[in-house]
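*Asks:* Below is a structure I'd like to ask you about.
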Amino acid sequence: MTVRVGESARALPFQKAALPLLDDAQLRKNVRHATDTIQRKRGLVVAEQTDWQELRTAASAIKRHTLKHLDTYLTQFEERFTAAGGVVHWASDADEANRIVLGLVQQYGGKEVIKIKTMTSDETRLNEALEQAGVHPYETDLAELIIQLGHDKPSHIVVPALHKNRAQIREIFLREMGLKELGNRPEDLTAAARRFLREKFLRVKIGVSGANFLIAETGGVCIVESEGNGRMCLTMPEVLISMAGIEKVIPSFEDLEVFLQLLPRSATGERMNPYNSIWTGTHEDDGPKHFHVVLLDNGRTSILADKESRQTLHCIRCAACLNTCPVYRQTGGHAYGSSYAGPIGAIFTPQVLNMEHAQSLPYASSLCGACYEVCPVKINIPEVLIHLRGRVVREQKSALDPEALGMKAMATVFGSRHRFEAAQRLARVGQWPVVSHGWVRHLPGMMGNWTAVRDMKAIPDQPFRAWWKQRQKKQEKQA
Amino acid sequence: MRITLFITCYNDTLFPETGQAVVRLLERLGHEVVFPLDQTCCGQMHYNTGYQREAVPLMKRFVETFREAETICIPSSSCVAMIRDHYPLMAEESGDAELVRAVEELLPRIYELSELLVKKLGLEDVGAYYAHRVTYHASCHSLRGLQLGDIPLRLLRKVRGIDLVELPNIDRCCGFGGTFAVKNGDVSAAMLAEKMKDVENTTAEVCTAVDNSCLMHIFGGLHRARAGVKTVHLAQILASTEAEGEA
């Protein structure tokens, strides 16, 4: 796997990280409730779009084409963005991206920044880098604000605080905003957030954002959101710094027609996002006077080089795969050890971050295929998961690993009819210590994970092939 | 028609009654069943767990064993999905043009059992009788892999005596996922708990599917919980008749 410095280097493997989450009844209830609600809304607005499958095909084709000519489109974006008055910076990894942003903040004399929700800055752990240098970042997306104030971590790509319910959010606001009293209605909470944030919007001179799309043709940066707080960050500060992965570029303005139909319906179950901002360069009497884009690689070119997993870079971060995933449904996002949770995180994270837990992520899926079915850009996530499992086995597993030895032995058994039949006999005869009344209730080692909550029927006396042979003999005799 | 059976390694070893039911059903419908003894495993477990190199000889073995067969029936949608979704790429990567062609020629002759009955043989009523309250679990590979849609349900609706009840959240995985159930046993158990609740809420006596792998998982949980619901492969329901009894 790619060796790279990144977030959560000490994160636990998925299986271990999942344990306390599985025990958290409130969290699981919150996750089920939120994902069910979004899925229901998504289902309605997808069903009314009669050309949904054609849109998915188109989006997938645009992404494939763009990735094939990524160098051309990135250079074109740089030219047009620069011509419109902006400055492009290239960062090969997370640390370089953070250094560039911090350097810009210091250059403009800032001690604070306001942030619009950005996955990329979560990926590079920008907030930590800024805080270490004495710069305070304020998250302005409501959910990100809840996460920041709660000293928590995001658990969902689109709805980062979905693991918290209203009562829990109220407690965080009361405590962290230093309020004497606060109502429990949704409008009480949003009003508190508004009061808290409005003052930051008016005061802070530097905004940091991500990008949903970088338009090569125009040099424009497109950001979609639901609250309008993002629009504040894009328009009010004097300096705007946008950080985006290099895969976010699309060839033309016209391509937005496809993506802006797919993204909101997939992400929040809305026909259109309430706020769609496209920002092109700087303007004399309007918006930021200085506009910088930091284009981040951080492992993306190595994903691009792998033809099986290249499709990972199609992702438009809608999180539909999280909402439909039966595994995510049980654990929420924190088990994935990165802000990229769910099925997309299980394929993206191990490819870009060098983490101890990375090799557990491709296995954090039952390969049920629900993610592929809903993906608006047709990423065949199960296929990529299987491919990455292959890389884990080939690149990371010792040949003496018990699992590897077992798998190789099984392959040898299946390699010959006689070995297979002998193994069937051996298993049948050898199972007696664990069988009682026709059932296996406890198994040793890894298989104990099965018998922890499941019984297993004992291997029957006669396999199918023995029955078949017997029957053939009988029929031959009769003939 | 001469139908060649690929029983699959785990049905052969753990669920012989399913294979016997397939034979009984197809012969009752007037077909000849052939079972090549050289068959072992399609390689799914190896392939999906990351041991793709180890799966290649198993693919070659499958192709060799079944290349002369005119119609192949497999009572397991996940094994069919393995063959359809992965064999072409595996053959291509082996760089063996002859193997690529052999796989290409083989694929259209491979059918999952319910697919064979409805799509190839044009049947929905197979003359079965099964007087139980039954709910149908759609395995992920049958639903999203093979896109079987309501094919198994169309067969079940024509079974005489059956009281068929809909399983809520039918499109949700039971948590088996092959080695997933062992590697991520706790998450798998949480998924299974939800599935068991859905099954029990139907008050069905029997939960059926086209894959014994899911059923082994679901029944493993139901048996441990003493839920009093059993699992039966679709083939066994379809093979059952009023005259001959249950398969």
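FYI, nothing fancy with the structure tokens labels: chains A, B, ... in order, residues from 1 per chain, ligands from 1 as they appear.
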As a CSV table (one decimal) with N, CA and C atoms, in the first residue's frame, list the residues of region 329-438 of chain A assigned to alpha helix (DSSP H) by DSSP on the backbone atoms of this structure.

*Replies:*
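See part11.csv below for the written result:
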chain,number,residue,atom,x,y,z
A,329,ARG,N,-24.1,1.3,8.7
A,329,ARG,CA,-25.4,1.4,9.5
A,329,ARG,C,-25.2,0.9,10.9
A,330,GLN,N,-24.3,-0.1,11.1
A,330,GLN,CA,-24.1,-0.6,12.4
A,330,GLN,C,-23.0,0.2,13.2
A,331,THR,N,-22.0,0.7,12.6
A,331,THR,CA,-20.9,1.3,13.3
A,331,THR,C,-20.8,2.8,13.2
A,342,GLY,N,-17.3,4.9,5.6
A,342,GLY,CA,-18.1,4.0,4.7
A,342,GLY,C,-17.4,3.4,3.6
A,343,PRO,N,-18.1,2.8,2.6
A,343,PRO,CA,-17.5,2.1,1.5
A,343,PRO,C,-16.5,2.9,0.8
A,344,ILE,N,-16.7,4.2,0.5
A,344,ILE,CA,-15.8,5.0,-0.2
A,344,ILE,C,-14.5,5.2,0.6
A,345,GLY,N,-14.7,5.3,1.9
A,345,GLY,CA,-13.5,5.5,2.8
A,345,GLY,C,-12.7,4.2,2.8
A,346,ALA,N,-13.4,3.0,2.8
A,346,ALA,CA,-12.7,1.7,2.8
A,346,ALA,C,-11.9,1.5,1.6
A,347,ILE,N,-12.2,2.2,0.5
A,347,ILE,CA,-11.3,2.1,-0.7
A,347,ILE,C,-10.3,3.3,-0.8
A,348,PHE,N,-10.8,4.4,-0.4
A,348,PHE,CA,-9.9,5.6,-0.6
A,348,PHE,C,-8.8,5.7,0.4
A,349,THR,N,-9.2,5.5,1.7
A,349,THR,CA,-8.2,5.7,2.8
A,349,THR,C,-7.0,4.8,2.6
A,350,PRO,N,-7.2,3.4,2.4
A,350,PRO,CA,-6.0,2.6,2.3
A,350,PRO,C,-5.1,3.0,1.2
A,351,GLN,N,-5.6,3.7,0.2
A,351,GLN,CA,-4.8,4.0,-1.0
A,351,GLN,C,-4.0,5.3,-0.8
A,352,VAL,N,-4.5,6.2,0.1
A,352,VAL,CA,-3.8,7.4,0.3
A,352,VAL,C,-3.0,7.6,1.6
A,370,ALA,N,-24.5,-2.9,-2.4
A,370,ALA,CA,-25.5,-1.8,-2.3
A,370,ALA,C,-24.8,-0.4,-2.7
A,371,CYS,N,-23.6,-0.3,-2.3
A,371,CYS,CA,-22.8,1.0,-2.6
A,371,CYS,C,-22.7,1.2,-4.1
A,372,TYR,N,-22.4,0.2,-4.8
A,372,TYR,CA,-22.2,0.3,-6.3
A,372,TYR,C,-23.6,0.7,-6.9
A,373,GLU,N,-24.6,0.1,-6.4
A,373,GLU,CA,-26.0,0.4,-7.0
A,373,GLU,C,-26.4,1.8,-6.9
A,374,VAL,N,-26.0,2.5,-5.8
A,374,VAL,CA,-26.4,3.9,-5.6
A,374,VAL,C,-25.4,4.9,-6.1
A,381,ILE,N,-17.4,-0.3,-6.2
A,381,ILE,CA,-16.7,-0.3,-4.9
A,381,ILE,C,-16.3,-1.8,-4.5
A,382,PRO,N,-17.3,-2.7,-4.7
A,382,PRO,CA,-16.9,-4.1,-4.3
A,382,PRO,C,-15.7,-4.6,-5.1
A,383,GLU,N,-15.7,-4.3,-6.4
A,383,GLU,CA,-14.6,-4.7,-7.3
A,383,GLU,C,-13.3,-4.1,-6.8
A,384,VAL,N,-13.3,-2.8,-6.4
A,384,VAL,CA,-12.1,-2.2,-5.9
A,384,VAL,C,-11.7,-2.8,-4.5
A,385,LEU,N,-12.6,-3.0,-3.7
A,385,LEU,CA,-12.3,-3.7,-2.4
A,385,LEU,C,-11.6,-5.0,-2.6
A,386,ILE,N,-12.1,-5.8,-3.5
A,386,ILE,CA,-11.5,-7.1,-3.8
A,386,ILE,C,-10.1,-6.9,-4.3
A,387,HIS,N,-9.9,-5.9,-5.2
A,387,HIS,CA,-8.6,-5.7,-5.7
A,387,HIS,C,-7.6,-5.2,-4.6
A,388,LEU,N,-8.1,-4.4,-3.7
A,388,LEU,CA,-7.3,-3.9,-2.6
A,388,LEU,C,-7.0,-5.1,-1.6
A,389,ARG,N,-7.9,-6.0,-1.4
A,389,ARG,CA,-7.6,-7.1,-0.6
A,389,ARG,C,-6.5,-7.9,-1.2
A,390,GLY,N,-6.5,-8.0,-2.5
A,390,GLY,CA,-5.4,-8.7,-3.2
A,390,GLY,C,-4.1,-8.1,-2.9
A,391,ARG,N,-4.1,-6.7,-2.9
A,391,ARG,CA,-2.9,-6.0,-2.6
A,391,ARG,C,-2.4,-6.2,-1.2
A,392,VAL,N,-3.3,-6.2,-0.3
A,392,VAL,CA,-3.0,-6.5,1.1
A,392,VAL,C,-2.3,-7.9,1.2
A,393,VAL,N,-2.9,-8.9,0.6
A,393,VAL,CA,-2.4,-10.2,0.7
A,393,VAL,C,-1.0,-10.3,0.0
A,394,ARG,N,-0.9,-9.7,-1.1
A,394,ARG,CA,0.4,-9.8,-1.9
A,394,ARG,C,1.5,-8.9,-1.3
A,395,GLU,N,1.1,-7.7,-0.8
A,395,GLU,CA,2.2,-6.8,-0.4
A,395,GLU,C,2.4,-6.8,1.1
A,402,PRO,N,-1.1,-17.4,9.4
A,402,PRO,CA,-2.0,-18.5,9.5
A,402,PRO,C,-3.1,-18.5,8.4
A,403,GLU,N,-3.6,-17.3,8.2
A,403,GLU,CA,-4.7,-17.2,7.2
A,403,GLU,C,-4.1,-17.6,5.8
A,404,ALA,N,-3.0,-17.0,5.5
A,404,ALA,CA,-2.4,-17.3,4.2
A,404,ALA,C,-2.1,-18.8,4.0
A,405,LEU,N,-1.6,-19.4,5.1
A,405,LEU,CA,-1.2,-20.8,5.0
A,405,LEU,C,-2.5,-21.6,4.8
A,406,GLY,N,-3.6,-21.3,5.6
A,406,GLY,CA,-4.8,-22.0,5.4
A,406,GLY,C,-5.4,-21.8,4.0
A,407,MET,N,-5.4,-20.6,3.5
A,407,MET,CA,-5.9,-20.4,2.2
A,407,MET,C,-5.2,-21.2,1.1
A,408,LYS,N,-3.8,-21.2,1.3
A,408,LYS,CA,-3.0,-22.0,0.3
A,408,LYS,C,-3.3,-23.5,0.4
A,409,ALA,N,-3.5,-23.9,1.6
A,409,ALA,CA,-3.8,-25.4,1.8
A,409,ALA,C,-5.2,-25.7,1.2
A,410,MET,N,-6.1,-24.8,1.4
A,410,MET,CA,-7.5,-25.0,0.8
A,410,MET,C,-7.4,-25.0,-0.7
A,411,ALA,N,-6.6,-24.1,-1.3
A,411,ALA,CA,-6.4,-24.1,-2.7
A,411,ALA,C,-5.8,-25.4,-3.3
A,412,THR,N,-4.9,-26.0,-2.5
A,412,THR,CA,-4.3,-27.2,-2.9
A,412,THR,C,-5.4,-28.3,-2.8
A,413,VAL,N,-6.2,-28.3,-1.8
A,413,VAL,CA,-7.3,-29.3,-1.7
A,413,VAL,C,-8.2,-29.2,-2.8
A,414,PHE,N,-8.6,-28.0,-3.2
A,414,PHE,CA,-9.6,-27.8,-4.3
A,414,PHE,C,-8.9,-28.1,-5.7
A,417,ARG,N,-9.6,-33.6,-7.4
A,417,ARG,CA,-10.8,-34.3,-6.9
A,417,ARG,C,-10.5,-35.2,-5.7
A,418,HIS,N,-9.4,-35.9,-5.8
A,418,HIS,CA,-9.1,-36.9,-4.7
A,418,HIS,C,-8.8,-36.2,-3.4
A,419,ARG,N,-8.0,-35.1,-3.5
A,419,ARG,CA,-7.7,-34.4,-2.3
A,419,ARG,C,-9.0,-33.8,-1.7
A,420,PHE,N,-9.8,-33.3,-2.6
A,420,PHE,CA,-11.1,-32.7,-2.1
A,420,PHE,C,-11.9,-33.7,-1.4
A,421,GLU,N,-12.0,-34.9,-2.0
A,421,GLU,CA,-12.8,-36.0,-1.4
A,421,GLU,C,-12.2,-36.5,0.0
A,422,ALA,N,-10.9,-36.5,0.0
A,422,ALA,CA,-10.2,-36.9,1.2
A,422,ALA,C,-10.4,-35.9,2.3
A,423,ALA,N,-10.4,-34.6,1.9
A,423,ALA,CA,-10.6,-33.5,2.9
A,423,ALA,C,-12.0,-33.6,3.4
A,424,GLN,N,-13.0,-33.9,2.6
A,424,GLN,CA,-14.4,-34.0,3.0
A,424,GLN,C,-14.5,-35.1,4.1
A,425,ARG,N,-13.8,-36.2,3.8
A,425,ARG,CA,-13.8,-37.4,4.8
A,425,ARG,C,-13.2,-37.0,6.1
A,426,LEU,N,-12.0,-36.3,5.9
A,426,LEU,CA,-11.2,-36.0,7.1
A,426,LEU,C,-12.0,-35.0,8.0
A,427,ALA,N,-12.7,-34.0,7.4
A,427,ALA,CA,-13.4,-33.0,8.1
A,427,ALA,C,-14.6,-33.7,8.9
A,428,ARG,N,-15.2,-34.6,8.2
A,428,ARG,CA,-16.4,-35.3,8.7
A,428,ARG,C,-15.9,-36.2,10.0
A,429,VAL,N,-14.9,-36.9,9.8
A,429,VAL,CA,-14.4,-37.7,10.9
A,429,VAL,C,-13.8,-36.9,12.0
A,430,GLY,N,-13.1,-35.8,11.6
A,430,GLY,CA,-12.3,-35.1,12.6
A,430,GLY,C,-13.2,-34.1,13.4

*Asks:* Find the residues around region 189-191 of chain B up to 8 Å (only C-alpha atoms counted), leave out those fewer than 2 positions away in its own chain, and share them as a list in words.

*Replies:*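 These residues fall inside the cut-off: Leu22, Pro326, Val327, Gln330 and Val453 of chain A; Cys173, Cys174, Gly175, Ala181, Gly185, Asp186, Val187, Ala193, Glu194 and Lys195 of chain B.
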
*Asks:* At a cut-off of 8 Å, which residues of chain B touch chain A? Count only C-alpha atoms and give the answer as a ChimeraX atom specification.

*Replies:* /B:11-17,19-20,35,37-41,46-52,54-55,57-58,61,140-141,144-145,172-173,175-178,180-191,216-217,219-224

*Asks:* Among region 59-210 of chain B, which residues carry a DSSP assignment of strand (DSSP E), reported as a PyMOL selection string?

*Replies:* chain B and resi 71-74+110-112+133-136+163-165+206-209

*Asks:* Go ahead and write the selection's residues with C-alpha atoms as an mmCIF file, in the first residue's frame.

*Replies:*
data_model
loop_
_atom_site.group_PDB
_atom_site.id
_atom_site.type_symbol
_atom_site.label_atom_id
_atom_site.label_comp_id
_atom_site.auth_asym_id
_atom_site.auth_seq_id
_atom_site.Cartn_x
_atom_site.Cartn_y
_atom_site.Cartn_z
ATOM 1 C CA THR B 71 -26.349 -26.218 -19.933
ATOM 2 C CA ILE B 72 -24.875 -25.741 -16.481
ATOM 3 C CA CYS B 73 -27.028 -25.343 -13.393
ATOM 4 C CA ILE B 74 -25.641 -23.872 -10.159
ATOM 5 C CA ILE B 110 -24.296 -21.019 -16.997
ATOM 6 C CA TYR B 111 -27.511 -20.561 -15.021
ATOM 7 C CA GLU B 112 -28.375 -20.108 -11.411
ATOM 8 C CA ARG B 133 -45.567 -20.202 5.941
ATOM 9 C CA VAL B 134 -42.454 -19.106 4.016
ATOM 10 C CA THR B 135 -40.510 -15.879 3.646
ATOM 11 C CA TYR B 136 -37.941 -15.265 0.918
ATOM 12 C CA ASP B 163 -48.254 -19.182 2.554
ATOM 13 C CA LEU B 164 -45.719 -16.712 1.208
ATOM 14 C CA VAL B 165 -44.985 -13.635 3.339
ATOM 15 C CA VAL B 206 -39.336 -21.229 6.942
ATOM 16 C CA CYS B 207 -36.914 -18.721 5.463
ATOM 17 C CA THR B 208 -35.725 -19.595 1.974
ATOM 18 C CA ALA B 209 -33.158 -18.234 -0.485
#

*Asks:* Would you list the contacts of region 26-34 of chain B as a PyMOL selection string, taking every protein, DNA or RNA residue within 6 Å and counting only C-alpha atoms, but skipping same-chain residues closer than 4 positions in sequence?

*Replies:* chain B and resi 1-4

*Asks:* Between A:Gln470, A:Arg170, A:Ala59, A:Ser309, which is the closest to Glu187 (chain A) once you count only C-alpha atoms?

*Replies:*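 Ranked by minimum distance to Glu187 (chain A), first place goes to A:Arg170.
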
*Asks:* Quick check, in Å to one decimal: how far apart do CA of Pro36 (chain B) and CA of Phe66 (chain B) lie?

*Replies:*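 Separation between CA of Pro36 (chain B) and CA of Phe66 (chain B): 8.1 Å.
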
*Asks:* Fewer than 5 positions away in the same chain doesn't count, so skip those; otherwise give me all residues within 8 Å of Leu102 (chain A), counting only C-alpha atoms, as a PyMOL selection string.

*Replies:* chain A and resi 129-130+133

*Asks:* With only C-alpha atoms as the counted atoms, please give the residues lying no more than 12 Å from Gly332 (chain A), apart from itself and same-chain residues fewer than 3 positions off, as a ChimeraX atom specification.

*Replies:* /A:14,17-35,153-157,159-164,322-329,335-343 /B:187

*Asks:* Do a neighbour search on region 235-246 of chain B at 9 Å with only C-alpha atoms, toss out local chain neighbours closer than 6 positions, and write the hits as a PDB file with C-alpha atoms, in the first residue's frame.

*Replies:*
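Written out: out.pdb:
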ATOM      1  CA  GLU B  17     -29.985 -32.322   0.546  1.00  0.00           C
ATOM      2  CA  THR B  18     -29.996 -29.247  -1.689  1.00  0.00           C
ATOM      3  CA  GLY B  19     -28.138 -31.103  -4.441  1.00  0.00           C
ATOM      4  CA  GLN B  20     -30.490 -34.058  -4.118  1.00  0.00           C
ATOM      5  CA  ALA B  21     -33.450 -31.691  -4.400  1.00  0.00           C
ATOM      6  CA  VAL B  22     -32.034 -30.125  -7.589  1.00  0.00           C
ATOM      7  CA  VAL B  23     -31.646 -33.586  -9.123  1.00  0.00           C
ATOM      8  CA  ARG B  24     -35.166 -34.612  -8.066  1.00  0.00           C
ATOM      9  CA  LEU B  25     -36.666 -31.388  -9.407  1.00  0.00           C
ATOM     10  CA  LEU B  26     -34.902 -31.370 -12.770  1.00  0.00           C
ATOM     11  CA  ARG B  28     -39.206 -34.616 -12.465  1.00  0.00           C
ATOM     12  CA  PRO B  75     -27.828 -23.673  -7.027  1.00  0.00           C
ATOM     13  CA  LEU B 113     -31.183 -22.591 -10.588  1.00  0.00           C
ATOM     14  CA  SER B 114     -34.144 -20.169 -10.566  1.00  0.00           C
ATOM     15  CA  VAL B 126     -42.902 -26.524 -11.424  1.00  0.00           C
ATOM     16  CA  GLY B 127     -45.689 -28.571  -9.825  1.00  0.00           C
ATOM     17  CA  ALA B 128     -44.435 -28.131  -6.272  1.00  0.00           C
ATOM     18  CA  TYR B 129     -46.438 -28.462  -3.066  1.00  0.00           C
ATOM     19  CA  TYR B 130     -45.189 -27.032   0.214  1.00  0.00           C
ATOM     20  CA  LEU B 155     -41.508 -19.636  -8.713  1.00  0.00           C
ATOM     21  CA  LEU B 156     -42.564 -19.524  -5.059  1.00  0.00           C
ATOM     22  CA  VAL B 159     -46.079 -23.426  -5.224  1.00  0.00           C
ATOM     23  CA  ARG B 160     -49.300 -25.045  -4.004  1.00  0.00           C
ATOM     24  CA  THR B 208     -35.725 -19.595   1.974  1.00  0.00           C
ATOM     25  CA  ALA B 209     -33.158 -18.234  -0.485  1.00  0.00           C
ATOM     26  CA  VAL B 210     -31.193 -19.259  -3.549  1.00  0.00           C
TER      27      VAL B 210
END

*Asks:* For CA of Trp90 (chain A) and CA of Met236 (chain A), determine how far apart the two atoms are, in Å to one decimal place.

*Replies:*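 Interatomic distance here is 25.2 Å.
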
*Asks:* Give the answer as one residue: which of A:Ala192, A:Leu400, A:Ile316, A:Val208 has the shortest atom-to-atom distance to Lys180 (chain A), using only C-alpha atoms?

*Replies:*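 Closest to Lys180 (chain A), using only C-alpha atoms: A:Ala192.
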
*Asks:* Determine, counting only C-alpha atoms, which protein, DNA and RNA residues have an atom within 9 Å of an atom of Arg67 (chain B); residues of the same chain fewer than 3 positions away are not included. Present the result as an MDAnalysis selection string.

*Replies:* chainID B and resid 62:64 70 102:103 105:106

*Asks:* Could you work out how far CA of Glu254 (chain A) lies from CA of Cys315 (chain A), giving the answer in Å with one decimal?

*Replies:*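 One can read the CA of Cys315 (chain A) to CA of Glu254 (chain A) distance as 18.6 Å.
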